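Shown next: my_file16.txt, containing compact mmCIF, C-alpha atoms and all ligand atoms.
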# COMPACT_ATOMS: atom_id res chain seq x y z
CA MET A 1 1.50 67.34 -84.94
CA PRO A 2 -0.06 65.69 -88.01
CA GLU A 3 -3.10 67.48 -89.36
CA GLN A 4 -4.83 64.65 -91.07
CA ASN A 5 -8.46 63.70 -91.03
CA TYR A 6 -9.45 60.18 -90.19
CA ASP A 7 -12.78 58.79 -91.43
CA SER A 8 -14.21 56.06 -89.23
CA ARG A 9 -15.95 53.47 -91.39
CA ILE A 10 -18.27 52.37 -88.60
CA PRO A 11 -21.84 53.32 -89.58
CA TYR A 12 -23.49 55.90 -87.35
CA GLU A 13 -26.78 54.81 -85.77
CA GLN A 14 -28.84 57.59 -84.25
CA HIS A 15 -31.15 55.44 -82.14
CA ARG A 16 -30.27 55.22 -78.43
CA ILE A 17 -30.73 52.03 -76.46
CA HIS A 18 -31.24 53.72 -73.05
CA ALA A 19 -28.61 51.65 -71.25
CA ALA A 20 -25.38 52.73 -69.62
CA ALA A 21 -22.42 50.89 -68.17
CA ILE A 22 -20.21 52.15 -65.36
CA TYR A 23 -16.76 50.61 -65.38
CA CYS A 24 -13.08 51.25 -64.80
CA SER A 25 -11.20 53.26 -67.41
CA ASP A 26 -8.30 50.76 -67.39
CA GLY A 27 -7.45 50.44 -71.09
CA ARG A 28 -6.28 46.84 -70.72
CA VAL A 29 -9.88 45.72 -70.25
CA GLY A 30 -11.73 48.34 -72.32
CA GLU A 31 -12.22 46.10 -75.33
CA HIS A 32 -13.32 43.22 -73.10
CA PHE A 33 -15.98 45.45 -71.54
CA ASP A 34 -17.15 46.45 -75.01
CA ASP A 35 -17.26 42.83 -76.16
CA PHE A 36 -19.24 41.74 -73.10
CA LEU A 37 -21.75 44.58 -73.28
CA GLN A 38 -22.23 44.59 -77.04
CA ASN A 39 -22.06 40.86 -77.75
CA GLY A 40 -22.65 39.18 -74.38
CA LEU A 41 -25.52 41.40 -73.22
CA GLN A 42 -26.59 42.56 -76.70
CA LEU A 43 -26.32 46.24 -75.79
CA PRO A 44 -24.91 48.01 -78.84
CA ARG A 45 -24.19 51.75 -78.50
CA TYR A 46 -24.56 51.68 -74.72
CA ASP A 47 -23.53 54.87 -72.92
CA ARG A 48 -20.14 54.66 -71.22
CA VAL A 49 -19.31 56.02 -67.81
CA ALA A 50 -15.65 55.13 -67.46
CA LEU A 51 -13.38 56.33 -64.67
CA PRO A 52 -10.71 54.78 -62.45
CA GLY A 53 -12.39 52.18 -60.26
CA GLY A 54 -15.74 52.48 -62.05
CA PRO A 55 -18.57 51.67 -59.60
CA ALA A 56 -16.11 51.81 -56.67
CA CYS A 57 -16.66 55.56 -56.54
CA LEU A 58 -20.36 55.03 -55.83
CA ALA A 59 -19.76 52.82 -52.80
CA GLY A 60 -19.28 55.59 -50.26
CA HIS A 61 -15.48 55.55 -49.93
CA PRO A 62 -14.36 58.91 -48.51
CA GLN A 63 -11.33 58.83 -50.88
CA ALA A 64 -13.67 59.09 -53.85
CA THR A 65 -16.03 61.90 -52.90
CA PHE A 66 -15.25 64.07 -55.95
CA GLU A 67 -15.66 61.18 -58.35
CA GLU A 68 -18.92 60.22 -56.69
CA LYS A 69 -20.39 63.66 -57.20
CA SER A 70 -19.31 63.79 -60.82
CA VAL A 71 -20.64 60.33 -61.67
CA ILE A 72 -23.96 61.13 -60.01
CA ASP A 73 -24.19 64.29 -62.14
CA GLU A 74 -23.42 62.26 -65.23
CA LEU A 75 -26.03 59.62 -64.37
CA GLN A 76 -28.62 62.30 -63.79
CA PHE A 77 -27.80 63.73 -67.21
CA LEU A 78 -28.19 60.31 -68.82
CA VAL A 79 -31.57 59.85 -67.17
CA ASP A 80 -32.83 63.31 -68.17
CA VAL A 81 -31.38 63.58 -71.67
CA HIS A 82 -30.78 60.01 -72.85
CA GLY A 83 -33.81 58.43 -71.13
CA LEU A 84 -31.73 55.92 -69.22
CA LYS A 85 -33.65 52.74 -68.30
CA ARG A 86 -30.92 50.22 -67.53
CA VAL A 87 -27.51 50.36 -65.83
CA ILE A 88 -24.70 47.79 -65.81
CA LEU A 89 -21.98 47.99 -63.16
CA ILE A 90 -18.68 46.18 -63.65
CA ALA A 91 -15.80 45.70 -61.22
CA HIS A 92 -12.61 44.02 -62.42
CA GLN A 93 -9.99 41.84 -60.78
CA GLY A 94 -6.71 43.56 -60.01
CA CYS A 95 -8.20 47.05 -60.19
CA ALA A 96 -5.47 49.57 -59.35
CA PHE A 97 -8.01 51.97 -57.87
CA TYR A 98 -8.42 49.56 -54.95
CA SER A 99 -4.73 48.90 -54.43
CA THR A 100 -3.60 52.54 -54.72
CA ARG A 101 -6.39 54.99 -53.97
CA LEU A 102 -8.14 52.81 -51.40
CA GLN A 103 -4.93 51.13 -50.20
CA LEU A 104 -6.57 47.71 -50.18
CA GLN A 105 -4.39 44.81 -51.18
CA ASP A 106 -5.32 41.78 -49.19
CA HIS A 107 -6.86 38.57 -50.42
CA ARG A 108 -10.34 39.70 -49.50
CA LEU A 109 -10.27 42.39 -52.16
CA GLU A 110 -12.79 40.57 -54.32
CA LEU A 111 -15.25 40.52 -51.41
CA VAL A 112 -14.80 44.26 -50.94
CA GLN A 113 -15.36 44.85 -54.65
CA LYS A 114 -18.53 42.75 -54.62
CA ALA A 115 -19.82 44.53 -51.52
CA ASP A 116 -19.08 47.81 -53.32
CA LEU A 117 -21.19 46.65 -56.26
CA VAL A 118 -24.10 46.14 -53.87
CA ARG A 119 -23.63 49.61 -52.38
CA ALA A 120 -23.15 51.21 -55.81
CA THR A 121 -26.34 49.56 -57.06
CA ALA A 122 -28.32 51.06 -54.18
CA MET A 123 -26.76 54.45 -54.88
CA VAL A 124 -27.55 54.33 -58.62
CA GLN A 125 -31.10 53.21 -57.85
CA SER A 126 -31.73 56.03 -55.40
CA VAL A 127 -30.21 58.70 -57.66
CA THR A 128 -31.69 57.61 -61.00
CA LYS A 129 -34.84 55.71 -59.98
CA VAL A 130 -33.74 53.14 -62.56
CA ASN A 131 -34.68 49.67 -61.33
CA HIS A 132 -33.01 47.53 -63.97
CA ILE A 133 -29.46 47.39 -62.62
CA ASP A 134 -27.09 44.46 -63.08
CA ALA A 135 -23.59 43.98 -61.69
CA TYR A 136 -20.68 41.86 -62.86
CA PHE A 137 -17.21 40.94 -61.70
CA ALA A 138 -14.62 40.67 -64.49
CA ARG A 139 -12.21 37.90 -63.61
CA LEU A 140 -8.86 37.32 -65.28
CA ILE A 141 -8.57 33.69 -66.32
CA ASP A 142 -5.34 32.82 -68.09
CA ASN A 143 -5.32 35.25 -70.97
CA ALA A 144 -9.03 35.98 -71.02
CA ILE A 145 -11.65 37.84 -69.01
CA ARG A 146 -14.74 36.13 -67.65
CA PHE A 147 -17.74 38.25 -66.64
CA GLU A 148 -19.52 36.75 -63.64
CA PRO A 149 -22.90 38.05 -62.47
CA VAL A 150 -22.92 39.41 -58.94
CA GLU A 151 -26.09 39.33 -56.86
CA VAL A 152 -26.95 42.88 -55.82
ZN ZN B 201 -9.50 49.35 -62.56
Starting from the coordinates I provided, produce the structure as C-alpha cells.
Ligand SMILES: [Zn+2]
Amino acid sequence: MPEQNYDSRIPYEQHRIHAAAIYCSDGRVGEHFDDFLQNGLQLPRYDRVALPGGPACLAGHPQATFEEKSVIDELQFLVDVHGLKRVILIAHQGCAFYSTRLQLQDHRLELVQKADLVRATAMVQSVTKVNHIDAYFARLIDNAIRFEPVEV
C-alpha cells in the first residue's frame, strides 16, 4: 500500500451553485455526465448523487426501496444544508440496473426509463419542493453520448 500524498492541481472554489444531478454510477459514462453538466448546462461544481440506476430508484420500483429511502435522505440534506434549487435527472441507454435488478431487457426499455424519469421528477418535487427539475436521456451514438431532453 503506497503511502504517498497526491496534490490535485484543480483550484478549490468555495461557492456552491445549488444544483444537483442524480445519475447512474456507471464509470463508463461518468466523464460524459460531468462534461454535459459542467459544459453543456454550465453547472460547475454541481452536487453529485450517483448510484446504480440513478433516478430509477425514485420511480417506485419495489426492487429499489432501500436506495429510494437513502436518495431521499440525501436530497433532503442537499436542500437543508446546500440550499438546493435545481435538480437534473439523467437516465442512460444500456443501464445495467434495468437489465439486472429490474429484469427488464426488451426493446421498450427506453420507454420505461423515460416513464421512470417522469415518476422520479414527481418524487423529487414532492420531497424537496424544488420546482426546477430537468431530465435527460443519455444515448450511445457510435462512440459518443448524446444527452436528449425528456419532457417530464
Ligand atoms: Zn446505469
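When only C-alpha atoms are used to measure the gap to Gly94 of chain A, the shortest distance among A:Tyr46, A:Phe137, A:Phe66, A:Phe77 belongs to A:Phe137.
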Selection: 12 Å around Arg101 of chain A, all atoms listed in the file, excl. self and same-chain fewer than 5 positions, as a list in words: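 Surrounding residues, per the criterion: Pro52, Gly53, Ala56, Cys57, His61, Pro62, Gln63, Ala64, Thr65, Glu67, Cys95 and Ala96 of chain A.
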I'd like the neighbourhood of segment 16-33 of chain A as an mmCIF file with C-alpha atoms, in the coordinates of the input, where a residue qualifies if any of its atoms comes within 8 Å (using all atoms listed in the file), though same-chain residues fewer than 5 positions away should be ignored.
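Saved result, selection_4.cif, follows:
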data_model
loop_
_atom_site.group_PDB
_atom_site.id
_atom_site.type_symbol
_atom_site.label_atom_id
_atom_site.label_comp_id
_atom_site.auth_asym_id
_atom_site.auth_seq_id
_atom_site.Cartn_x
_atom_site.Cartn_y
_atom_site.Cartn_z
ATOM 1 C CA LEU A 43 -26.320 46.240 -75.790
ATOM 2 C CA PRO A 44 -24.910 48.010 -78.840
ATOM 3 C CA ARG A 45 -24.190 51.750 -78.500
ATOM 4 C CA TYR A 46 -24.560 51.680 -74.720
ATOM 5 C CA ASP A 47 -23.530 54.870 -72.920
ATOM 6 C CA ARG A 48 -20.140 54.660 -71.220
ATOM 7 C CA VAL A 49 -19.310 56.020 -67.810
ATOM 8 C CA ALA A 50 -15.650 55.130 -67.460
ATOM 9 C CA LEU A 51 -13.380 56.330 -64.670
ATOM 10 C CA PRO A 52 -10.710 54.780 -62.450
ATOM 11 C CA GLY A 53 -12.390 52.180 -60.260
ATOM 12 C CA GLY A 54 -15.740 52.480 -62.050
ATOM 13 C CA PRO A 55 -18.570 51.670 -59.600
ATOM 14 C CA HIS A 82 -30.780 60.010 -72.850
ATOM 15 C CA GLY A 83 -33.810 58.430 -71.130
ATOM 16 C CA LEU A 84 -31.730 55.920 -69.220
ATOM 17 C CA LYS A 85 -33.650 52.740 -68.300
ATOM 18 C CA ARG A 86 -30.920 50.220 -67.530
ATOM 19 C CA VAL A 87 -27.510 50.360 -65.830
ATOM 20 C CA ILE A 88 -24.700 47.790 -65.810
ATOM 21 C CA LEU A 89 -21.980 47.990 -63.160
ATOM 22 C CA ILE A 90 -18.680 46.180 -63.650
ATOM 23 C CA ALA A 91 -15.800 45.700 -61.220
ATOM 24 C CA HIS A 92 -12.610 44.020 -62.420
ATOM 25 C CA CYS A 95 -8.200 47.050 -60.190
ATOM 26 C CA ILE A 145 -11.650 37.840 -69.010
#
Interatomic distance (Å, one decimal) between atom CA of Pro149 of chain A and atom CA of Ala135 of chain A: 6.0 Å
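Closest approach to ligand ZN 201 (chain B) among A:Gln93, A:Ser126, A:Thr121, A:Asn131 is made by A:Gln93 (distances from all atoms listed in the file).
Each of A:Leu37, A:Ile10, A:Leu117, A:Ala138 was checked against ligand ZN 201 (chain B) using all atoms listed in the file; the smallest atom-to-atom distance is that of A:Ala138.
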Nearest-residue call for ligand ZN 201 (chain B), choices A:Arg146, A:Tyr136, A:Gln125, A:Tyr98, using all atoms listed in the file: A:Tyr98
Nearest to ligand ZN 201 (chain B) by atom-to-atom distance, counting only C-alpha atoms and all ligand atoms, from A:Leu140, A:Phe97, A:Asp106, A:Val127: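 Distance minimum relative to ligand ZN 201 (chain B) lands on A:Phe97.
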Separation of atom CA of Val118 of chain A from atom CA of Glu68 of chain A, in Å and rounded to one decimal: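 A separation of 15.3 Å between them.
The gap separating atom CA of Val150 of chain A from atom CA of Lys114 of chain A is 7.0 Å, in Å to one decimal.
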Selected residue of minimal separation from ligand ZN 201 (chain B) among A:Ser99, A:Gln14, A:Gln38, A:Val79, counting only C-alpha atoms and all ligand atoms: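 Among the listed residues, A:Ser99 lies closest to ligand ZN 201 (chain B).
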